[in-house]
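Okay, so here's the structure we're looking at.
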Number of protein chains: 2
Amino acid sequence: MIKVLVVDDDQDLRDNLVEVLGDNGFSPSSAENGEAALEKLQADKFDLVLLDSVMPGMDGMETLPLIKRNHPKTRIIMLTAFSTVNSAVEAMRSGADDYITKPFKIDELLVAVRRCLEEAKFGICEELLNSDDMFKCLANATRRKVLMLLYQENKLRFMDMTRQLKIDDHTKVNFHLKILKEAHLIEQDGRKNYQLSPQGKKIVTCMSSIAAD
Amino acid sequence: MIKVLVVDDDQDLRDNLVEVLGDNGFSPSSAENGEAALEKLQADKFDLVLLDSVMPGMDGMETLPLIKRNHPKTRIIMLTAFSTVNSAVEAMRSGADDYITKPFKIDELLVAVRRCLEEAKFGICEELLNSDDMFKCLANATRRKVLMLLYQENKLRFMDMTRQLKIDDHTKVNFHLKILKEAHLIEQDGRKNYQLSPQGKKIVTCMSSIAAD
DNA sequence: AACAATTGAGAATTTTTCTTCACAGAGAAA
DNA sequence: TTTCTCTGTGAAGAAAAATTCTCAATTGTT
């Protein structure tokens, strides 16, 4: 379910948008200013934010960079009054994915929303294609075993690892460790202990959700 | 953070357990009966449920199979009065991972909790190792491109796909499609349209979260 | 029939993986 | 100190696997 956050101080507009978005298969929430929006974004993960540029309290132009910084994958569409189109351009520069001038027709908005999300879809795929090393790495059962060992044990030294893996030729283990290191899935601390890198950890947990049920 | 849900009608016990679990690095919530528990499980994802077998309203024995069905990866430890040990055995059969007889020492519980989660960790790894075909599949850039295309376009026929991929040798595409089919990441409908399998979809979305930020 | 779409089989090629050899440091034992 | 064993790392060729390419067959459309 695609989650959209509507941020606008006008309650009528907010309610209206939430209803329309709901009818169109999205899962909408709303907030009436920047602070509230940031809180909601903290608590939950949204795919898209519709952000009014002018609001009492923290306004959209202020909020925009904060959202982008903490939630880089979240898409943002600015809602700007016609008179402030110039600032819309500025908004695009600081990370908005699109903008719409008020007043707008609801269809206009939906089109922008859908286009925006389509582009995001494409972005995902780009990333998917560029992480070749990682996937090559994961293709080998021995290497996956290493990852899982490190996931369970946190830290291990070279020889302990080869013993646990029950591989008698230690140079073979070394071969795979080198590949894992080059793909940045594991790292070594000062005392030569091997451990999962942050990236590596992400992968292990992510994998588990794939293999599930 | 490991999330644990305590389900018991005794408020004192509930509060006590929540406190202890919190002190021991878990992230606990509580519910006072089966219905409430199911709601919480719906809203949020828990790693482990401590489930009292005897409660007013929907009791633990009733709740157990419902939890297991909708959240198969969530581990469950039953809390049973000594007098109902027999039903504990039954509980194990319907999917509980362990049980503890009341009254219990808090350490006893923590041991069971930790063991249970350790086993879960191991389970993840098992799955990771057994899905070899899938990883082999993902190791190839062309095949990942196919997945992403199908993710974007939903359905595609053979020749349209080869054109979009800009691969002039169609037999090459065919080769990879066969492999994807064998790994059950894509499927074909009656009109020979290729599309992502449920498994395939899961992978694409999961991958995107790895590549993130 | 004519033509495009779709699939398969196997040889040729490229990548990965395995194996063997070589080397260096650390600490224990003689 | 010297010798020995265990640890940790690198590199190159052989073996195995994956990928590409070539030829061919089958199916569906116009």
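Chain labels A, B, ... are given in the sequence in which chains occur in the structure tokens; within each chain residues are numbered consecutively from 1, and ligands are likewise numbered from 1 in the order shown.
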
(request) Report as a PyMOL selection string the set of chain A residues whose atoms approach chain C to within 10 Å, with distances computed over only C-alpha atoms (C1' of nucleotides). (result) chain A and resi 136+140+169+171-172+175-176

(request) as an NGL selection string, please: all residues of chain A that backbone DSSP puts in strand (DSSP E). (result) :A and (3-7 or 27-31 or 48-52 or 75-81 or 98-102 or 186-188 or 194-196)

(request) Within region 15-157 of chain A, find each residue whose DSSP state, derived from the backbone, is helix (DSSP H, G or I), and express the selection as JSON, numbers by chain. (result) {"A": [15, 16, 17, 18, 19, 20, 21, 22, 23, 34, 35, 36, 37, 38, 39, 40, 41, 42, 43, 60, 61, 62, 63, 64, 65, 66, 67, 68, 69, 70, 82, 83, 84, 85, 86, 87, 88, 89, 90, 91, 92, 93, 106, 107, 108, 109, 110, 111, 112, 113, 114, 115, 116, 117, 118, 119, 120, 121, 122, 123, 124, 125, 126, 127, 128, 129, 130, 132, 133, 134, 135, 136, 137, 138, 141, 142, 143, 144, 145, 146, 147, 148, 149, 150, 151, 152, 153]}

For chain A against chain D, with a cut-off of 8 Å and counting only C-alpha atoms (C1' of nucleotides), what is the closest atom pair and its distance in Å to one decimal for every residue that makes the cut, ordered by chain and number, as JSON lines?
```
{"residue": "A:Phe158", "atom": "CA", "partner": "D:DG8", "partner_atom": "C1'", "distance": 7.2}
{"residue": "A:Met159", "atom": "CA", "partner": "D:DT7", "partner_atom": "C1'", "distance": 6.9}
{"residue": "A:Asn174", "atom": "CA", "partner": "D:DT9", "partner_atom": "C1'", "distance": 7.6}
```

(message) I want to know what sits within 10 Å of Lys181 (chain A), based on only C-alpha atoms (C1' of nucleotides), with residues of the same chain fewer than 3 positions away left out; could you give that as number ranges by chain?
(response) A: 137, 176-178, 184-188, 194, 196-197

Using only C-alpha atoms, please write the residues we just selected to a file, as an mmCIF file, in the first residue's frame.
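Saved to selection28.cif:
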```
data_model
loop_
_atom_site.group_PDB
_atom_site.id
_atom_site.type_symbol
_atom_site.label_atom_id
_atom_site.label_comp_id
_atom_site.auth_asym_id
_atom_site.auth_seq_id
_atom_site.Cartn_x
_atom_site.Cartn_y
_atom_site.Cartn_z
ATOM 1 C CA CYS A 137 28.619 -12.011 -3.897
ATOM 2 C CA HIS A 176 35.669 -15.855 -0.521
ATOM 3 C CA LEU A 177 36.404 -13.474 2.310
ATOM 4 C CA LYS A 178 38.335 -11.301 -0.056
ATOM 5 C CA HIS A 184 31.813 -4.184 1.358
ATOM 6 C CA LEU A 185 29.549 -6.769 2.949
ATOM 7 C CA ILE A 186 32.059 -7.576 5.669
ATOM 8 C CA GLU A 187 34.880 -5.659 7.286
ATOM 9 C CA GLN A 188 37.785 -6.243 9.624
ATOM 10 C CA TYR A 194 35.796 -10.212 10.640
ATOM 11 C CA LEU A 196 29.309 -7.763 9.011
ATOM 12 C CA SER A 197 29.371 -4.250 7.620
#
```
